[in-house]
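Beneath this line is the structure, given in structure tokens, with notes to follow.
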Amino acid sequence: MKRKLLVAVIFFLGLVSVRTAQAQIVDDSTKVIFSPKTTLQLFEKDVLEGRYVEERIDTTINNFNNERYWYQDTAYYQHLGNIGTASQPLLFRVPTTIGVRFGRNAFNRYAYDPYNLNYYDTRSPYSHLMYIQGGRGEQVFEAIYARNITPRWNIGVAYQLLAAQKQLNSNSVSARASDRIVNQQGFKAFSHYASINKKYDLFVNFTLFKTEQIEQGGVLVPSDTTTRESLFNFQSQAVNLEQAATNEKRNHLHLLQIYKLAQENLKFYHMLDGHVQQEAYEDDALQPGKSAVGFYYPIGLYNQKKTDDVAEYKELQNVFGLTGNNKVSSYKAYAKLRNAKVNYSTLETAKTDTTAEQRILADKAYNQLFVGGQLRLFYENKAELAVDGEFQLSNDYQVRGVARFAGLSASLQRVLRSPSVTEEYLLSNQFLWNNTSFKSNVTDHGEVRYEGKLGARQFVRLTGNYTSIKRYIYFDETALPQQLSGNQRLWGAELAHHIRFGPVHFENFVAYTNTDEAAYVRVPEWLLDSKLYFQGPLFKKALDGQFGVQATMPTGYYADAYMPVTQQFYLQNDFKLDTYPVIDVFLTADIKNVNVFLKMSHANFDLWQPGYFATPYYPGMRRSFIFGIKWMFFD
């Protein structure tokens, strides 16, 4: 894999060198003609809503060193201790998708989002290389190339790679020769075309994502263990699973057409999405009956020697709608047709007295119709009143209202949605369920927010929220889906604050969540994230950059455990994560078209305790020196 990556980098740099040389032949002056000012980006949502705002691409170094910003979703996540591993949001999120859906989201944050891609508008070809390498085998790579074919037509491609080495049991010899625990690849091809009369816009993209995660099941806890300190042997640490792996493949084709029937007052649009997601789980050495305080799953239902499960979800969705806007209002109305199908298969031993095997198959199809719309009233950028909703005929719906004046806003939201495909039905070697009695659950959410500047040196964003969930669906202590009859109620507040004293910056994020009436929703009561840094000229003004320290700390709580067979995080009450800060020391720099950082990640490792757990039985990364570079080319 390293050889392939090196070849890809050399090839990409070769292409860039040729293009740069050609540009120099055309213009051999020292004047910079192309720059970030001539490389703009556009989002399809803005065009659909009548905001033709082309933004400059992000060339800043802020947060480049932060691991959360290496992926497609920058929120806080609980994961399995290493980059690229299965994850779920650390703080509660209100669901946004109703109707049929697969319900396998453990790797969503790493895949390109086809609904939120940036389409470029460039006066010259634009490309960038990003490469991050950690001392513990962490590796992130991305290459992007985009250019305008004509002033109204842009195309682009991107490739990303993410890999991580095993922390646990890496000294043992197993059936797998590689020490990789995660190996991911992503690809996107995208294009935007606008007609010469500016009446027609076409956005189209194709995204691909593949990941292999070697499943270790966390540390194996010996029956005589009394303290957690003995579980941080890392390379020599015994694990629960030794020949298990998850493979996920997904691809998505997205197309949006917008035609102006009466300028911005009336536009017709059509959106087409085709999505395929395949999940495969294998364990070639089933070991049932392990210690109850460690990780284990039930004995095989169909094959007691090995597991070979496959689940495939296919979805085709068409949306036809009308939209329009003027200086004080906008509207949208649409109809959506979603067709979906899921197929399951698992390997079965044909007879108890033979080694012959056969596959068991199951499938289910869905056809659903939705209608929806939105109405917005606004005055410049100072005030807004909006309401939107979507209704699946005869079942699910979601409605939301928002009011905003200057920096103060308030919103109310209700979401009624049916169980996901995975919550409703599953066929595998370890689990079999058919929850026909599950009902749709209801989530009510209210939020009040203020954000704005306090003088010339401070920025603040303060949010208060309340959520009530009726008929909450969760995965219980045995990793089986269950539905509650009562309500789960949680409330909280978030504060983001940034203050500057000359070149010294202090950024803080604090989130508080009260779950006294939501015993089945597991989030930390407090989440603290602080960053103190100097920003300005460094090394006798040789370069501009940042030098600082950042600490992230969720308070201790009974975090969900992880079940690799179903890719679900599930309830547990035996293992409480400690309150533990992870401290990083970093240096970032901006050198013309190159951004670079050096970071000592988890600098406080082994100072007052031998480590921490990111998820029950999954230790977080040890101290690691990480280097990253992003090189941008504008010609």
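Labeling convention for the structure tokens: chains A, B, ... as they appear, residues from 1 per chain, ligands from 1 in order of appearance.
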(request) For stretch 362-368 of chain A, work out the shell of residues within 10 Å, counting only C-alpha atoms and skipping chain neighbours fewer than 4 positions away, then give it as a ChimeraX atom specification. (result) /A:99-101,311-317,336-346,392-395,421,425-427
(message) DSSP on the backbone: which residues in stretch 374-510 of chain A end up as strand (DSSP E)? Give the answer as JSON, numbers by chain.
(response) {"A": [374, 375, 376, 377, 378, 379, 383, 384, 385, 386, 387, 388, 389, 390, 391, 392, 397, 398, 399, 400, 401, 402, 403, 404, 405, 408, 409, 410, 411, 412, 413, 414, 415, 416, 417, 425, 426, 427, 432, 433, 434, 441, 442, 443, 444, 445, 446, 447, 448, 449, 450, 451, 452, 453, 454, 458, 459, 460, 461, 462, 463, 464, 465, 466, 467, 468, 469, 470, 473, 474, 475, 481, 482, 483, 487, 488, 489, 490, 491, 492, 493, 494, 495, 496, 497, 498, 499, 500, 501, 504, 505, 506, 507, 508, 509, 510]}
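Among the candidates A:Thr96, A:Asn169, A:Thr74, A:Gln374, the one nearest to A:Asp396 when counting only C-alpha atoms is A:Thr96.
Atom CA of A:Asn62 sits 22.2 Å away from atom CA of A:Tyr119.
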(request) Mind checking which residues fall within 8 Å of A:Gly556, counting only C-alpha atoms, ignoring those fewer than 6 positions away in the same chain, and posting them as a PyMOL selection string? (result) chain A and resi 524-525+576-580
(message) Applying 8 Å and only C-alpha atoms, which residues near A:Ala280 remain after dropping the ones on its own chain fewer than 3 positions away? List them as a count of residues only.
(response) 7
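Here atom CA of A:Val140 stands at a distance of 27.8 Å from atom CA of A:Phe203.
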(request) Tell me which protein, DNA and RNA residues are within 10 Å of A:Gln213, counting only C-alpha atoms, leaving out same-chain ones fewer than 6 positions away, and put them as a PyMOL selection string. (result) chain A and resi 84-86+163-164+180-184+244-248+281+564
(message) Considering only C-alpha atoms, can you say which of A:Gly446, A:Gly156, A:Gly372, A:Gly452 comes closest to A:Phe391?
(response) A:Gly372
(request) Find the residues around A:Lys267 up to 12 Å (only C-alpha atoms counted), leave out those fewer than 2 positions away in its own chain, and share them as a ChimeraX atom specification. (result) /A:47-50,199-201,257-265,269-270,320-326,330-334
